[in-house]
file upload.cif (mmCIF, C-alpha atoms)
data_coords
#
loop_
_atom_site.label_atom_id
_atom_site.label_comp_id
_atom_site.auth_asym_id
_atom_site.auth_seq_id
_atom_site.Cartn_x
_atom_site.Cartn_y
_atom_site.Cartn_z
CA MET A 1 -20.34 -13.67 4.07
CA SER A 2 -22.14 -14.72 0.90
CA ALA A 3 -20.98 -13.69 -2.55
CA THR A 4 -20.88 -14.97 -6.08
CA ARG A 5 -17.30 -16.10 -6.60
CA SER A 6 -15.07 -16.38 -9.63
CA ASN A 7 -11.77 -18.25 -9.55
CA SER A 8 -10.13 -16.00 -12.12
CA ALA A 9 -7.09 -14.40 -10.45
CA PRO A 10 -5.63 -11.05 -11.60
CA THR A 11 -2.71 -11.14 -14.00
CA ALA A 12 -0.24 -8.64 -15.44
CA ASP A 13 -2.63 -8.02 -18.33
CA ASP A 14 -5.72 -8.02 -16.08
CA PRO A 15 -4.59 -6.19 -12.93
CA GLY A 16 -7.78 -6.83 -11.01
CA PHE A 17 -10.22 -4.54 -9.25
CA GLY A 18 -9.84 -3.50 -5.61
CA LEU A 19 -11.64 -1.76 -2.78
CA TYR A 20 -9.63 0.44 -0.41
CA VAL A 21 -11.20 1.37 2.94
CA HIS A 22 -9.49 4.14 4.94
CA TRP A 23 -9.84 4.20 8.72
CA PRO A 24 -8.27 7.52 9.78
CA PHE A 25 -7.84 7.08 13.53
CA CYS A 26 -4.72 6.18 15.53
CA LEU A 27 -3.86 5.96 19.20
CA ALA A 28 -0.97 8.37 18.58
CA LYS A 29 0.59 10.13 15.59
CA CYS A 30 4.00 8.67 14.72
CA PRO A 31 6.64 11.38 14.18
CA TYR A 32 7.59 10.12 10.69
CA CYS A 33 4.03 9.66 9.40
CA ASP A 34 2.40 11.96 6.84
CA PHE A 35 -0.58 9.70 6.15
CA ASN A 36 -4.11 10.93 6.77
CA SER A 37 -4.25 9.79 10.39
CA HIS A 38 -5.80 11.51 13.40
CA VAL A 39 -6.03 11.02 17.15
CA ARG A 40 -9.50 11.31 18.69
CA SER A 41 -10.61 10.74 22.28
CA SER A 42 -13.70 8.88 21.12
CA VAL A 43 -15.28 7.55 17.91
CA ASP A 44 -18.96 6.88 17.28
CA HIS A 45 -18.51 3.49 15.66
CA GLU A 46 -22.16 3.09 14.69
CA ARG A 47 -22.09 6.34 12.69
CA TRP A 48 -18.79 5.46 11.06
CA ARG A 49 -19.95 1.99 10.11
CA ALA A 50 -23.12 3.36 8.51
CA ALA A 51 -21.14 6.02 6.62
CA LEU A 52 -18.62 3.55 5.20
CA LEU A 53 -21.47 1.37 3.97
CA ARG A 54 -23.22 4.34 2.34
CA GLU A 55 -20.08 5.34 0.49
CA ILE A 56 -19.65 1.77 -0.78
CA ASP A 57 -23.24 1.92 -2.03
CA HIS A 58 -22.49 5.16 -3.85
CA TYR A 59 -19.45 3.87 -5.74
CA ALA A 60 -21.15 0.57 -6.51
CA GLY A 61 -23.50 2.63 -8.65
CA ASP A 62 -20.61 3.10 -11.12
CA THR A 63 -18.84 -0.22 -10.67
CA GLY A 64 -21.36 -2.76 -9.37
CA GLY A 65 -21.13 -6.28 -10.77
CA ARG A 66 -17.39 -6.18 -11.40
CA ARG A 67 -15.12 -8.96 -10.18
CA LEU A 68 -13.48 -7.85 -6.93
CA THR A 69 -10.01 -9.30 -6.39
CA SER A 70 -9.01 -7.52 -3.17
CA ILE A 71 -10.15 -5.43 -0.23
CA PHE A 72 -7.62 -3.47 1.80
CA PHE A 73 -8.36 -1.84 5.15
CA GLY A 74 -5.68 0.86 5.60
CA GLY A 75 -5.14 3.90 7.73
CA GLY A 76 -4.60 5.19 10.25
CA THR A 77 -4.96 2.06 12.32
CA PRO A 78 -7.73 -0.19 11.01
CA SER A 79 -7.20 -2.68 13.83
CA LEU A 80 -8.89 -0.08 16.07
CA MET A 81 -12.11 -0.78 14.15
CA PRO A 82 -14.60 -3.16 15.75
CA PRO A 83 -14.60 -6.51 13.94
CA ALA A 84 -18.33 -5.95 13.37
CA THR A 85 -17.52 -2.93 11.19
CA VAL A 86 -15.03 -4.94 9.16
CA ALA A 87 -17.60 -7.71 8.71
CA ALA A 88 -20.27 -5.22 7.63
CA VAL A 89 -17.98 -3.66 5.01
CA ILE A 90 -17.04 -7.06 3.57
CA GLU A 91 -20.67 -8.16 3.46
CA ARG A 92 -21.76 -4.93 1.77
CA ALA A 93 -18.99 -5.34 -0.81
CA ALA A 94 -20.24 -8.88 -1.45
CA ARG A 95 -23.69 -7.49 -2.30
CA HIS A 96 -22.32 -5.23 -5.01
CA TRP A 97 -19.36 -7.08 -6.56
CA ARG A 98 -18.50 -10.64 -7.55
CA PHE A 99 -15.72 -11.91 -5.30
CA ALA A 100 -12.82 -13.71 -6.94
CA GLU A 101 -12.49 -17.25 -5.60
CA ASP A 102 -9.25 -16.33 -3.85
CA VAL A 103 -10.19 -12.73 -3.00
CA GLU A 104 -7.51 -11.14 -0.83
CA ILE A 105 -8.83 -9.23 2.20
CA THR A 106 -6.05 -7.43 4.08
CA LEU A 107 -6.21 -5.42 7.29
CA GLU A 108 -3.36 -3.26 8.60
CA ALA A 109 -2.72 -3.63 12.33
CA ASN A 110 -0.44 -2.33 15.01
CA PRO A 111 1.15 -5.15 16.98
CA THR A 112 0.01 -4.07 20.44
CA SER A 113 -1.31 -6.81 22.68
CA VAL A 114 -4.76 -5.18 22.75
CA GLU A 115 -5.09 -5.12 18.98
CA ALA A 116 -3.63 -8.61 18.55
CA SER A 117 -6.36 -9.88 20.87
CA LYS A 118 -8.89 -8.87 18.17
CA PHE A 119 -7.31 -10.94 15.40
CA ALA A 120 -9.74 -13.83 15.87
CA GLY A 121 -12.64 -11.41 15.42
CA PHE A 122 -11.14 -9.98 12.23
CA HIS A 123 -10.56 -13.47 10.87
CA ALA A 124 -14.17 -14.40 11.61
CA ALA A 125 -15.26 -11.21 9.81
CA GLY A 126 -13.57 -12.40 6.61
CA VAL A 127 -10.05 -10.95 6.77
CA ASN A 128 -7.57 -13.48 5.34
CA ARG A 129 -4.37 -11.44 5.38
CA VAL A 130 -2.94 -9.08 8.01
CA SER A 131 -0.19 -6.48 7.63
CA LEU A 132 1.58 -5.56 10.87
CA GLY A 133 3.34 -2.24 11.44
CA VAL A 134 6.29 -3.65 13.39
CA GLN A 135 8.86 -1.09 12.07
CA ALA A 136 11.74 -2.14 14.36
CA LEU A 137 12.75 -5.09 16.52
CA ASN A 138 14.38 -3.26 19.41
CA ASP A 139 12.73 -1.07 22.02
CA ALA A 140 15.06 1.93 21.69
CA ASP A 141 14.27 2.39 18.01
CA LEU A 142 10.57 1.71 18.59
CA ARG A 143 10.53 4.58 21.09
CA PHE A 144 12.38 6.80 18.61
CA LEU A 145 9.78 5.98 15.95
CA GLY A 146 6.94 6.79 18.34
CA ARG A 147 5.49 3.28 18.28
CA GLN A 148 3.07 2.15 20.97
CA HIS A 149 4.33 -1.44 21.20
CA SER A 150 7.46 -3.15 22.47
CA ALA A 151 9.65 -5.60 20.57
CA VAL A 152 8.24 -8.43 22.68
CA GLU A 153 4.67 -7.41 21.81
CA ALA A 154 5.59 -7.21 18.13
CA LYS A 155 7.02 -10.71 18.07
CA ALA A 156 4.00 -12.06 19.94
CA ALA A 157 1.63 -10.36 17.48
CA VAL A 158 3.50 -11.85 14.51
CA ASP A 159 3.15 -15.28 16.11
CA ILE A 160 -0.60 -14.76 16.61
CA ALA A 161 -0.94 -13.58 13.02
CA ARG A 162 0.93 -16.65 11.77
CA ARG A 163 -1.47 -18.94 13.60
CA GLN A 164 -4.66 -16.98 12.91
CA PHE A 165 -4.43 -16.00 9.25
CA GLY A 166 -3.54 -17.83 6.10
CA ARG A 167 -1.25 -14.98 5.07
CA TYR A 168 0.58 -12.27 7.01
CA THR A 169 3.27 -9.68 6.49
CA PHE A 170 4.98 -6.99 8.52
CA ASP A 171 6.81 -3.72 7.89
CA LEU A 172 10.27 -2.63 8.92
CA ILE A 173 11.93 0.79 8.58
CA TYR A 174 15.67 1.07 7.97
CA ALA A 175 18.19 3.92 7.60
CA ARG A 176 17.30 5.04 11.09
CA PRO A 177 19.71 7.57 12.64
CA THR A 178 22.96 5.96 13.84
CA GLN A 179 21.89 2.55 12.45
CA THR A 180 24.92 0.58 11.28
CA ILE A 181 25.06 -1.90 8.44
CA ASP A 182 26.00 -4.74 10.80
CA ALA A 183 23.11 -3.90 13.12
CA TRP A 184 20.70 -3.90 10.18
CA ARG A 185 22.02 -7.25 8.97
CA ALA A 186 21.36 -8.72 12.41
CA GLU A 187 17.89 -7.19 12.57
CA LEU A 188 17.00 -8.53 9.12
CA ALA A 189 18.15 -11.99 10.16
CA GLU A 190 15.85 -11.77 13.19
CA ALA A 191 13.01 -10.56 10.96
CA LEU A 192 13.48 -13.47 8.56
CA ALA A 193 13.09 -15.90 11.44
CA LEU A 194 9.66 -14.35 12.07
CA ALA A 195 8.57 -13.73 8.48
CA GLY A 196 6.24 -15.82 6.41
CA ASP A 197 6.10 -15.40 2.64
CA HIS A 198 6.04 -11.58 2.49
CA LEU A 199 7.98 -8.71 4.05
CA SER A 200 7.88 -4.93 3.48
CA VAL A 201 11.04 -2.93 4.16
CA TYR A 202 11.02 0.86 3.80
CA GLN A 203 13.77 3.43 4.01
CA LEU A 204 13.07 6.15 6.56
CA THR A 205 12.14 9.30 4.69
CA ILE A 206 11.80 12.69 6.33
CA GLU A 207 8.48 14.18 5.19
CA PRO A 208 8.18 17.98 5.57
CA GLU A 209 4.84 18.11 7.43
CA THR A 210 5.80 15.73 10.23
CA VAL A 211 7.43 15.96 13.65
CA PHE A 212 10.60 14.50 12.15
CA GLY A 213 10.43 17.05 9.34
CA ALA A 214 10.36 19.92 11.84
CA ALA A 215 13.21 18.40 13.86
CA TYR A 216 15.28 17.96 10.69
CA ARG A 217 14.79 21.62 9.72
CA ARG A 218 15.98 22.64 13.20
CA GLY A 219 19.09 20.51 12.78
CA GLU A 220 18.02 18.16 15.58
CA LEU A 221 17.60 14.96 13.56
CA PRO A 222 20.56 13.23 11.92
CA VAL A 223 19.78 11.23 8.80
CA ALA A 224 21.68 8.53 6.95
CA ASP A 225 23.91 9.89 4.19
CA GLU A 226 23.30 8.78 0.60
CA ASP A 227 26.13 6.23 0.54
CA THR A 228 24.99 4.58 3.77
CA ALA A 229 21.36 4.53 2.63
CA ALA A 230 22.39 2.99 -0.71
CA THR A 231 24.43 0.30 1.04
CA LEU A 232 21.55 -0.49 3.40
CA PHE A 233 19.23 -0.81 0.40
CA GLU A 234 21.62 -3.18 -1.37
CA VAL A 235 22.13 -5.26 1.78
CA THR A 236 18.37 -5.55 2.12
CA GLN A 237 17.91 -6.69 -1.47
CA ASP A 238 20.69 -9.27 -1.25
CA LEU A 239 19.79 -10.77 2.12
CA LEU A 240 16.09 -11.11 1.38
CA ALA A 241 16.68 -12.51 -2.10
CA ASP A 242 19.08 -15.09 -0.66
CA ALA A 243 16.37 -16.04 1.84
CA GLY A 244 13.84 -16.67 -0.93
CA LEU A 245 12.04 -13.33 -0.62
CA PRO A 246 13.17 -11.35 -3.67
CA ALA A 247 11.90 -7.85 -4.27
CA TYR A 248 8.89 -7.62 -6.56
CA GLU A 249 8.60 -3.88 -5.87
CA ILE A 250 11.09 -1.36 -4.48
CA SER A 251 10.17 -1.99 -0.84
CA ASN A 252 8.21 -5.25 -0.99
CA HIS A 253 9.55 -8.80 -0.98
CA ALA A 254 7.72 -12.09 -1.41
CA ARG A 255 7.94 -15.68 -2.45
CA ALA A 256 6.44 -16.34 -5.88
CA GLY A 257 2.67 -16.17 -5.67
CA ALA A 258 2.61 -14.43 -2.28
CA GLU A 259 2.76 -10.84 -3.54
CA SER A 260 0.19 -8.37 -2.22
CA ARG A 261 -2.63 -8.67 -4.75
CA HIS A 262 -4.15 -5.35 -3.76
CA ASN A 263 -0.91 -3.43 -4.14
CA LEU A 264 -0.24 -5.11 -7.48
CA THR A 265 -3.57 -3.71 -8.66
CA TYR A 266 -2.21 -0.23 -7.87
CA TRP A 267 1.17 -0.84 -9.44
CA ARG A 268 -0.30 -2.44 -12.56
CA TYR A 269 -2.70 0.49 -12.92
CA GLY A 270 -5.88 -1.42 -12.28
CA ASP A 271 -9.12 0.13 -11.07
CA TYR A 272 -9.92 0.52 -7.40
CA VAL A 273 -12.61 2.23 -5.38
CA GLY A 274 -11.39 4.31 -2.44
CA ILE A 275 -13.74 5.07 0.45
CA GLY A 276 -13.17 6.80 3.77
CA PRO A 277 -11.48 10.12 4.64
CA GLY A 278 -8.86 11.16 2.12
CA ALA A 279 -9.10 7.92 0.14
CA HIS A 280 -8.10 8.03 -3.52
CA GLY A 281 -9.53 5.88 -6.29
CA ARG A 282 -9.16 5.16 -10.00
CA ILE A 283 -12.27 3.89 -11.75
CA THR A 284 -13.18 3.28 -15.37
CA VAL A 285 -16.74 4.35 -16.21
CA GLY A 286 -18.20 4.49 -19.71
CA GLY A 287 -14.78 4.13 -21.29
CA GLY A 288 -13.31 7.04 -19.32
CA LYS A 289 -10.81 6.86 -16.44
CA PHE A 290 -11.55 8.97 -13.37
CA ALA A 291 -9.42 9.90 -10.37
CA THR A 292 -11.47 10.28 -7.18
CA ARG A 293 -10.55 11.74 -3.82
CA GLN A 294 -12.65 11.87 -0.68
CA HIS A 295 -12.75 14.71 1.87
CA ARG A 296 -9.64 14.41 4.02
CA ALA A 297 -10.84 15.64 7.43
CA PRO A 298 -12.70 12.88 9.29
CA GLU A 299 -15.49 15.10 10.56
CA ALA A 300 -16.00 16.74 7.14
CA TRP A 301 -16.06 13.33 5.48
CA LEU A 302 -18.61 11.95 7.95
CA ALA A 303 -20.91 14.97 7.62
CA ALA A 304 -20.77 14.85 3.80
CA VAL A 305 -21.59 11.14 3.64
CA GLU A 306 -24.49 11.55 6.04
CA ARG A 307 -25.76 14.48 3.98
CA THR A 308 -25.31 13.19 0.41
CA GLY A 309 -24.30 9.52 0.56
CA HIS A 310 -20.66 10.13 -0.30
CA ALA A 311 -17.83 12.58 0.42
CA THR A 312 -16.18 12.86 -2.99
CA GLN A 313 -14.18 16.08 -3.08
CA GLN A 314 -12.71 15.53 -6.54
CA ARG A 315 -13.65 13.39 -9.53
CA ASP A 316 -11.37 14.26 -12.42
CA SER A 317 -11.03 12.69 -15.84
CA VAL A 318 -7.58 11.16 -16.38
CA GLU A 319 -6.53 11.80 -19.97
CA PRO A 320 -4.27 9.38 -21.90
CA GLU A 321 -1.05 11.37 -21.42
CA GLU A 322 -1.62 11.56 -17.67
CA ARG A 323 -2.53 7.88 -17.58
CA PHE A 324 0.80 7.01 -19.16
CA ALA A 325 2.67 9.11 -16.60
CA GLU A 326 0.79 7.43 -13.76
CA MET A 327 1.49 4.00 -15.24
CA LEU A 328 5.21 4.76 -15.27
CA MET A 329 5.21 6.15 -11.73
CA MET A 330 3.50 3.04 -10.43
CA GLY A 331 4.67 0.29 -12.75
CA LEU A 332 8.39 1.06 -12.77
CA ARG A 333 8.41 0.42 -9.03
CA THR A 334 7.95 -3.28 -9.78
CA THR A 335 10.36 -5.79 -11.25
CA ASP A 336 7.78 -6.56 -13.98
CA GLY A 337 7.55 -2.94 -15.08
CA VAL A 338 4.92 -1.60 -17.49
CA ARG A 339 3.53 -4.01 -20.08
CA ARG A 340 3.01 -2.94 -23.68
CA SER A 341 -0.51 -4.34 -23.78
CA ARG A 342 -1.58 -2.32 -20.75
CA VAL A 343 -0.19 0.92 -22.19
CA ILE A 344 -2.14 0.40 -25.39
CA THR A 345 -5.32 -0.46 -23.48
CA GLU A 346 -5.09 2.63 -21.27
CA THR A 347 -3.74 5.20 -23.71
CA GLY A 348 -4.29 3.89 -27.23
CA ARG A 349 -0.58 4.42 -27.91
CA THR A 350 2.60 2.37 -27.87
CA ILE A 351 5.32 3.02 -25.33
CA GLU A 352 7.58 4.41 -28.05
CA ALA A 353 4.89 6.85 -29.16
CA ALA A 354 4.07 7.96 -25.63
CA VAL A 355 7.56 8.95 -24.45
CA ASP A 356 10.29 11.16 -25.91
CA SER A 357 12.73 8.85 -27.70
CA ASN A 358 15.84 10.83 -26.73
CA ARG A 359 14.94 10.73 -23.05
CA LEU A 360 14.15 7.03 -23.25
CA ASP A 361 17.39 6.24 -25.07
CA ARG A 362 19.42 8.09 -22.41
CA MET A 363 17.83 6.09 -19.63
CA ILE A 364 18.31 2.81 -21.46
CA GLY A 365 21.90 3.70 -22.35
CA GLY A 366 22.60 4.63 -18.74
CA GLY A 367 21.55 1.18 -17.57
CA PHE A 368 18.43 2.37 -15.75
CA LEU A 369 15.69 1.03 -18.04
CA VAL A 370 15.09 -1.96 -20.31
CA LEU A 371 12.63 -1.93 -23.23
CA ASP A 372 11.76 -5.26 -24.85
CA ASP A 373 8.84 -7.15 -26.37
CA GLU A 374 7.10 -7.39 -22.98
CA GLY A 375 7.35 -3.73 -22.09
CA LEU A 376 9.38 -1.17 -20.15
CA ARG A 377 10.97 -1.93 -16.80
CA ALA A 378 13.55 -0.42 -14.50
CA THR A 379 16.79 -2.21 -13.74
CA ALA A 380 17.89 -2.66 -10.13
CA ALA A 381 19.94 0.54 -10.52
CA GLY A 382 16.91 2.32 -11.98
CA ARG A 383 14.58 1.28 -9.16
CA GLN A 384 17.11 2.52 -6.61
CA ARG A 385 17.04 5.94 -8.34
CA LEU A 386 13.46 5.89 -9.53
CA ASN A 387 12.61 9.52 -8.77
CA ALA A 388 15.52 10.66 -10.93
CA VAL A 389 14.61 8.20 -13.68
CA LEU A 390 11.00 9.39 -13.73
CA GLY A 391 12.17 12.98 -13.76
CA GLY A 392 14.39 12.23 -16.73
CA LEU A 393 11.52 10.63 -18.63
CA LEU A 394 8.60 12.88 -17.81
CA THR A 395 9.84 16.45 -17.20
#
call {"tool": "encode", "arguments": {"input": "upload.cif", "output": "structure tokens"}}
result
Amino acid sequence: MSATRSNSAPTADDPGFGLYVHWPFCLAKCPYCDFNSHVRSSVDHERWRAALLREIDHYAGDTGGRRLTSIFFGGGTPSLMPPATVAAVIERAARHWRFAEDVEITLEANPTSVEASKFAGFHAAGVNRVSLGVQALNDADLRFLGRQHSAVEAKAAVDIARRQFGRYTFDLIYARPTQTIDAWRAELAEALALAGDHLSVYQLTIEPETVFGAAYRRGELPVADEDTAATLFEVTQDLLADAGLPAYEISNHARAGAESRHNLTYWRYGDYVGIGPGAHGRITVGGGKFATRQHRAPEAWLAAVERTGHATQQRDSVEPEERFAEMLMMGLRTTDGVRRSRVITETGRTIEAAVDSNRLDRMIGGGFLVLDDEGLRATAAGRQRLNAVLGGLLT
């Protein structure tokens, strides 16, 4: 991989510029998942590789020459991609954008033994960070979650990732049915023995258009009550903070300097190009901000790219008021919150001018938000109830 490199890392005031690449295919659809993922008996990898490269070329027409701080291969299951496809995408990105000296290139992977065997190939392709979808550390819960790996495979994959990549992380899901607080404490302790400098921990949510959603509507799926879920959240925050992995976002924990650079670009409302089926993007062109979305269905996306060079289904201007709302929805997830300078840059207004003062005062008075010289941020209580806080501010 050859690219002009800059050693200027993204900051809170300069959130960076990212490339998101969506690979939509999985071996099986997990019952809790509402992502744009699909099961196919076969994939023409040559066609898909060529199409991803063409869509990069298209978006480079608007953004070429910018400093790229991160690439993220998400899905779906990107570890089902051939390493040659990953290498081709990275090399094509290097043609169009200047790579930051410490550019972060992350690939999501399932921790099956077959996919872990490809880690060396991904590393050789240029990936320097891997994110493993472990989700649970016992086989019974892995079966419940529809995962294709065992706990032994997961631990082995984490060990391979530790040795192969400079940086790695893995995901866990809590608030699983019948999960006790003591059992979760024990599982977190086991996870910390495996973890490096980053860990993502998500509460199980029941999405309507999923297998779990249908089971819940039929009364066949018990879920954690609000008090139990809140306690599990608090236990998670306390245990990981005590272990040196404090939360920097609602569900993400890291040692200082080890945060996901790509995700921080999202949360700090930076620009990113999104390619692949269903991918979203936010790009600034000619002083305007545009929201992009690609065709969601894999076959429709592929046909559109082969026909026109891209599969953009929507490209909408994001006006200042909507930008502010998006900044709050993303930025208040983080412990840093939304900076005053970024609000002015994106909207031309101050925080005080952009939000109703009575609503803001209620949230501050209730202990859910803090407004100071740096900007607006949610307290721990506010992040735990963020949907309600956002509703109180924006509706």
call {"tool": "resolve_selection", "arguments": {"input": "upload.cif", "expression": "the PyMOL selection byres ((chain A and resi 367) around 10)", "output": "PDB file with C-alpha atoms, keeping the file's coordinate frame"}}
result
ATOM      1  CA  ASP A 361      17.390   6.240 -25.070  1.00  0.00           C
ATOM      2  CA  ARG A 362      19.420   8.090 -22.410  1.00  0.00           C
ATOM      3  CA  MET A 363      17.830   6.090 -19.630  1.00  0.00           C
ATOM      4  CA  ILE A 364      18.310   2.810 -21.460  1.00  0.00           C
ATOM      5  CA  GLY A 365      21.900   3.700 -22.350  1.00  0.00           C
ATOM      6  CA  GLY A 366      22.600   4.630 -18.740  1.00  0.00           C
ATOM      7  CA  PHE A 368      18.430   2.370 -15.750  1.00  0.00           C
ATOM      8  CA  LEU A 369      15.690   1.030 -18.040  1.00  0.00           C
ATOM      9  CA  VAL A 370      15.090  -1.960 -20.310  1.00  0.00           C
ATOM     10  CA  ALA A 378      13.550  -0.420 -14.500  1.00  0.00           C
ATOM     11  CA  THR A 379      16.790  -2.210 -13.740  1.00  0.00           C
ATOM     12  CA  ALA A 380      17.890  -2.660 -10.130  1.00  0.00           C
ATOM     13  CA  ALA A 381      19.940   0.540 -10.520  1.00  0.00           C
ATOM     14  CA  GLY A 382      16.910   2.320 -11.980  1.00  0.00           C
TER      15      GLY A 382
END
call {"tool": "residues_around", "arguments": {"input": "upload.cif", "residues": "region 233-249 of chain A", "least_positions_apart": "3", "cutoff": "9 Å", "atoms": "all atoms listed in the file", "output": "NGL selection string"}}
result
:A and (174-175 or 181 or 184-185 or 188-189 or 192 or 197-199 or 201 or 203 or 228-230 or 252-256 or 259 or 267 or 331-336 or 383-384)
call {"tool": "resolve_selection", "arguments": {"input": "upload.cif", "expression": "the PyMOL selection byres ((chain A and resi 123-130) around 10)", "output": "PyMOL selection string"}}
result
chain A and resi 1+71-73+79+83-91+102-109+118-122+131-133+158+161-162+164-170+260
call {"tool": "closest_residue", "arguments": {"input": "upload.cif", "among": "A:Arg293, A:Tyr32, A:Ala183, A:Ser357", "to": "Val211 (chain A)", "atoms": "only C-alpha atoms"}}
result
A:Tyr32
call {"tool": "atom_distance", "arguments": {"input": "upload.cif", "atom1": "CA of Gln179 (chain A)", "atom2": "CA of Asp141 (chain A)"}}
result
9.4 Å
call {"tool": "axis_aligned_box", "arguments": {"input": "upload.cif", "around": "region 305-318 of chain A", "padding_each_side": "5 Å", "output": "AutoDock Vina command-line options"}}
result
--center_x -16.7 --center_y 12.8 --center_z -5.2 --size_x 28.2 --size_y 16.6 --size_z 32.4
call {"tool": "closest_atom_pairs", "arguments": {"input": "upload.cif", "of": "region 99-171 of chain A", "to": "region 22-27 of chain A", "cutoff": "10 Å", "atoms": "only C-alpha atoms", "output": "JSON lines"}}
result
{"residue": "A:Glu108", "atom": "CA", "partner": "A:Trp23", "partner_atom": "CA", "distance": 9.9}
{"residue": "A:Asn110", "atom": "CA", "partner": "A:Cys26", "partner_atom": "CA", "distance": 9.5}
{"residue": "A:Arg147", "atom": "CA", "partner": "A:Leu27", "partner_atom": "CA", "distance": 9.8}
{"residue": "A:Gln148", "atom": "CA", "partner": "A:Leu27", "partner_atom": "CA", "distance": 8.1}
call {"tool": "atom_distance", "arguments": {"input": "upload.cif", "atom1": "CA of Ser341 (chain A)", "atom2": "CA of Asp373 (chain A)"}}
result
10.1 Å
call {"tool": "residues_around", "arguments": {"input": "upload.cif", "residues": "Leu19 (chain A)", "least_positions_apart": "3", "cutoff": "8 Å", "atoms": "only C-alpha atoms", "output": "list in words"}}
result
Leu68, Ser70, Ile71, Phe72, Tyr272, Val273, Gly274 and Ile275 of chain A
call {"tool": "closest_residue", "arguments": {"input": "upload.cif", "among": "A:Ser200, A:Thr350, A:Gln135, A:Asn358", "to": "Leu376 (chain A)", "atoms": "all atoms listed in the file"}}
result
A:Thr350
call {"tool": "closest_residue", "arguments": {"input": "upload.cif", "among": "A:Thr347, A:Tyr269, A:Thr180, A:Arg359", "to": "Thr231 (chain A)", "atoms": "all atoms listed in the file"}}
result
A:Thr180
call {"tool": "resolve_selection", "arguments": {"input": "upload.cif", "expression": "the PyMOL selection byres ((chain A and resi 137) around 10)", "output": "mmCIF file with C-alpha atoms, in the coordinates of the input"}}
result
data_model
loop_
_atom_site.group_PDB
_atom_site.id
_atom_site.type_symbol
_atom_site.label_atom_id
_atom_site.label_comp_id
_atom_site.auth_asym_id
_atom_site.auth_seq_id
_atom_site.Cartn_x
_atom_site.Cartn_y
_atom_site.Cartn_z
ATOM 1 C CA VAL A 134 6.290 -3.650 13.390
ATOM 2 C CA GLN A 135 8.860 -1.090 12.070
ATOM 3 C CA ALA A 136 11.740 -2.140 14.360
ATOM 4 C CA ASN A 138 14.380 -3.260 19.410
ATOM 5 C CA ASP A 139 12.730 -1.070 22.020
ATOM 6 C CA ALA A 140 15.060 1.930 21.690
ATOM 7 C CA ASP A 141 14.270 2.390 18.010
ATOM 8 C CA LEU A 142 10.570 1.710 18.590
ATOM 9 C CA SER A 150 7.460 -3.150 22.470
ATOM 10 C CA ALA A 151 9.650 -5.600 20.570
ATOM 11 C CA VAL A 152 8.240 -8.430 22.680
ATOM 12 C CA GLU A 153 4.670 -7.410 21.810
ATOM 13 C CA ALA A 154 5.590 -7.210 18.130
ATOM 14 C CA LYS A 155 7.020 -10.710 18.070
ATOM 15 C CA LEU A 172 10.270 -2.630 8.920
ATOM 16 C CA ILE A 173 11.930 0.790 8.580
ATOM 17 C CA GLU A 187 17.890 -7.190 12.570
ATOM 18 C CA LEU A 188 17.000 -8.530 9.120
ATOM 19 C CA GLU A 190 15.850 -11.770 13.190
ATOM 20 C CA ALA A 191 13.010 -10.560 10.960
#
call {"tool": "closest_residue", "arguments": {"input": "upload.cif", "among": "A:Pro177, A:Gly74, A:Gly270, A:Pro320", "to": "Asp14 (chain A)", "atoms": "all atoms listed in the file"}}
result
A:Gly270
call {"tool": "closest_residue", "arguments": {"input": "upload.cif", "among": "A:Leu386, A:Leu145, A:Ala28, A:Val285", "to": "Met329 (chain A)", "atoms": "all atoms listed in the file"}}
result
A:Leu386
call {"tool": "closest_residue", "arguments": {"input": "upload.cif", "among": "A:Ile283, A:Ile56, A:Gln294, A:Gly76", "to": "Gly16 (chain A)", "atoms": "all atoms listed in the file"}}
result
A:Ile283
call {"tool": "residues_around", "arguments": {"input": "upload.cif", "residues": "Ala50 (chain A)", "least_positions_apart": "5", "cutoff": "9 Å", "atoms": "only C-alpha atoms", "output": "mmCIF file with C-alpha atoms, in the coordinates of the input"}}
result
data_model
loop_
_atom_site.group_PDB
_atom_site.id
_atom_site.type_symbol
_atom_site.label_atom_id
_atom_site.label_comp_id
_atom_site.auth_asym_id
_atom_site.auth_seq_id
_atom_site.Cartn_x
_atom_site.Cartn_y
_atom_site.Cartn_z
ATOM 1 C CA HIS A 45 -18.510 3.490 15.660
ATOM 2 C CA GLU A 55 -20.080 5.340 0.490
ATOM 3 C CA THR A 85 -17.520 -2.930 11.190
ATOM 4 C CA GLU A 306 -24.490 11.550 6.040
#
call {"tool": "atom_distance", "arguments": {"input": "upload.cif", "atom1": "CA of Gly286 (chain A)", "atom2": "CA of Trp97 (chain A)"}}
result
17.6 Å
call {"tool": "build_atoms", "arguments": {"input": "upload.cif", "residues": "region 174-178 of chain A", "atoms": "N, CA and C atoms", "output": "short mmCIF file (atom, residue, chain, number, x, y, z; two decimals), keeping the file's coordinate frame"}}
result
data_model
loop_
_atom_site.label_atom_id
_atom_site.label_comp_id
_atom_site.auth_asym_id
_atom_site.auth_seq_id
_atom_site.Cartn_x
_atom_site.Cartn_y
_atom_site.Cartn_z
N TYR A 174 14.22 1.04 7.80
CA TYR A 174 15.67 1.07 7.97
C TYR A 174 16.20 2.47 7.65
N ALA A 175 17.53 2.62 7.72
CA ALA A 175 18.19 3.92 7.60
C ALA A 175 17.77 4.85 8.74
N ARG A 176 17.58 4.24 9.90
CA ARG A 176 17.30 5.04 11.09
C ARG A 176 18.59 5.72 11.55
N PRO A 177 18.50 6.87 12.20
CA PRO A 177 19.71 7.57 12.64
C PRO A 177 20.62 6.67 13.47
N THR A 178 21.89 6.71 13.16
CA THR A 178 22.96 5.96 13.84
C THR A 178 22.89 4.47 13.56
#
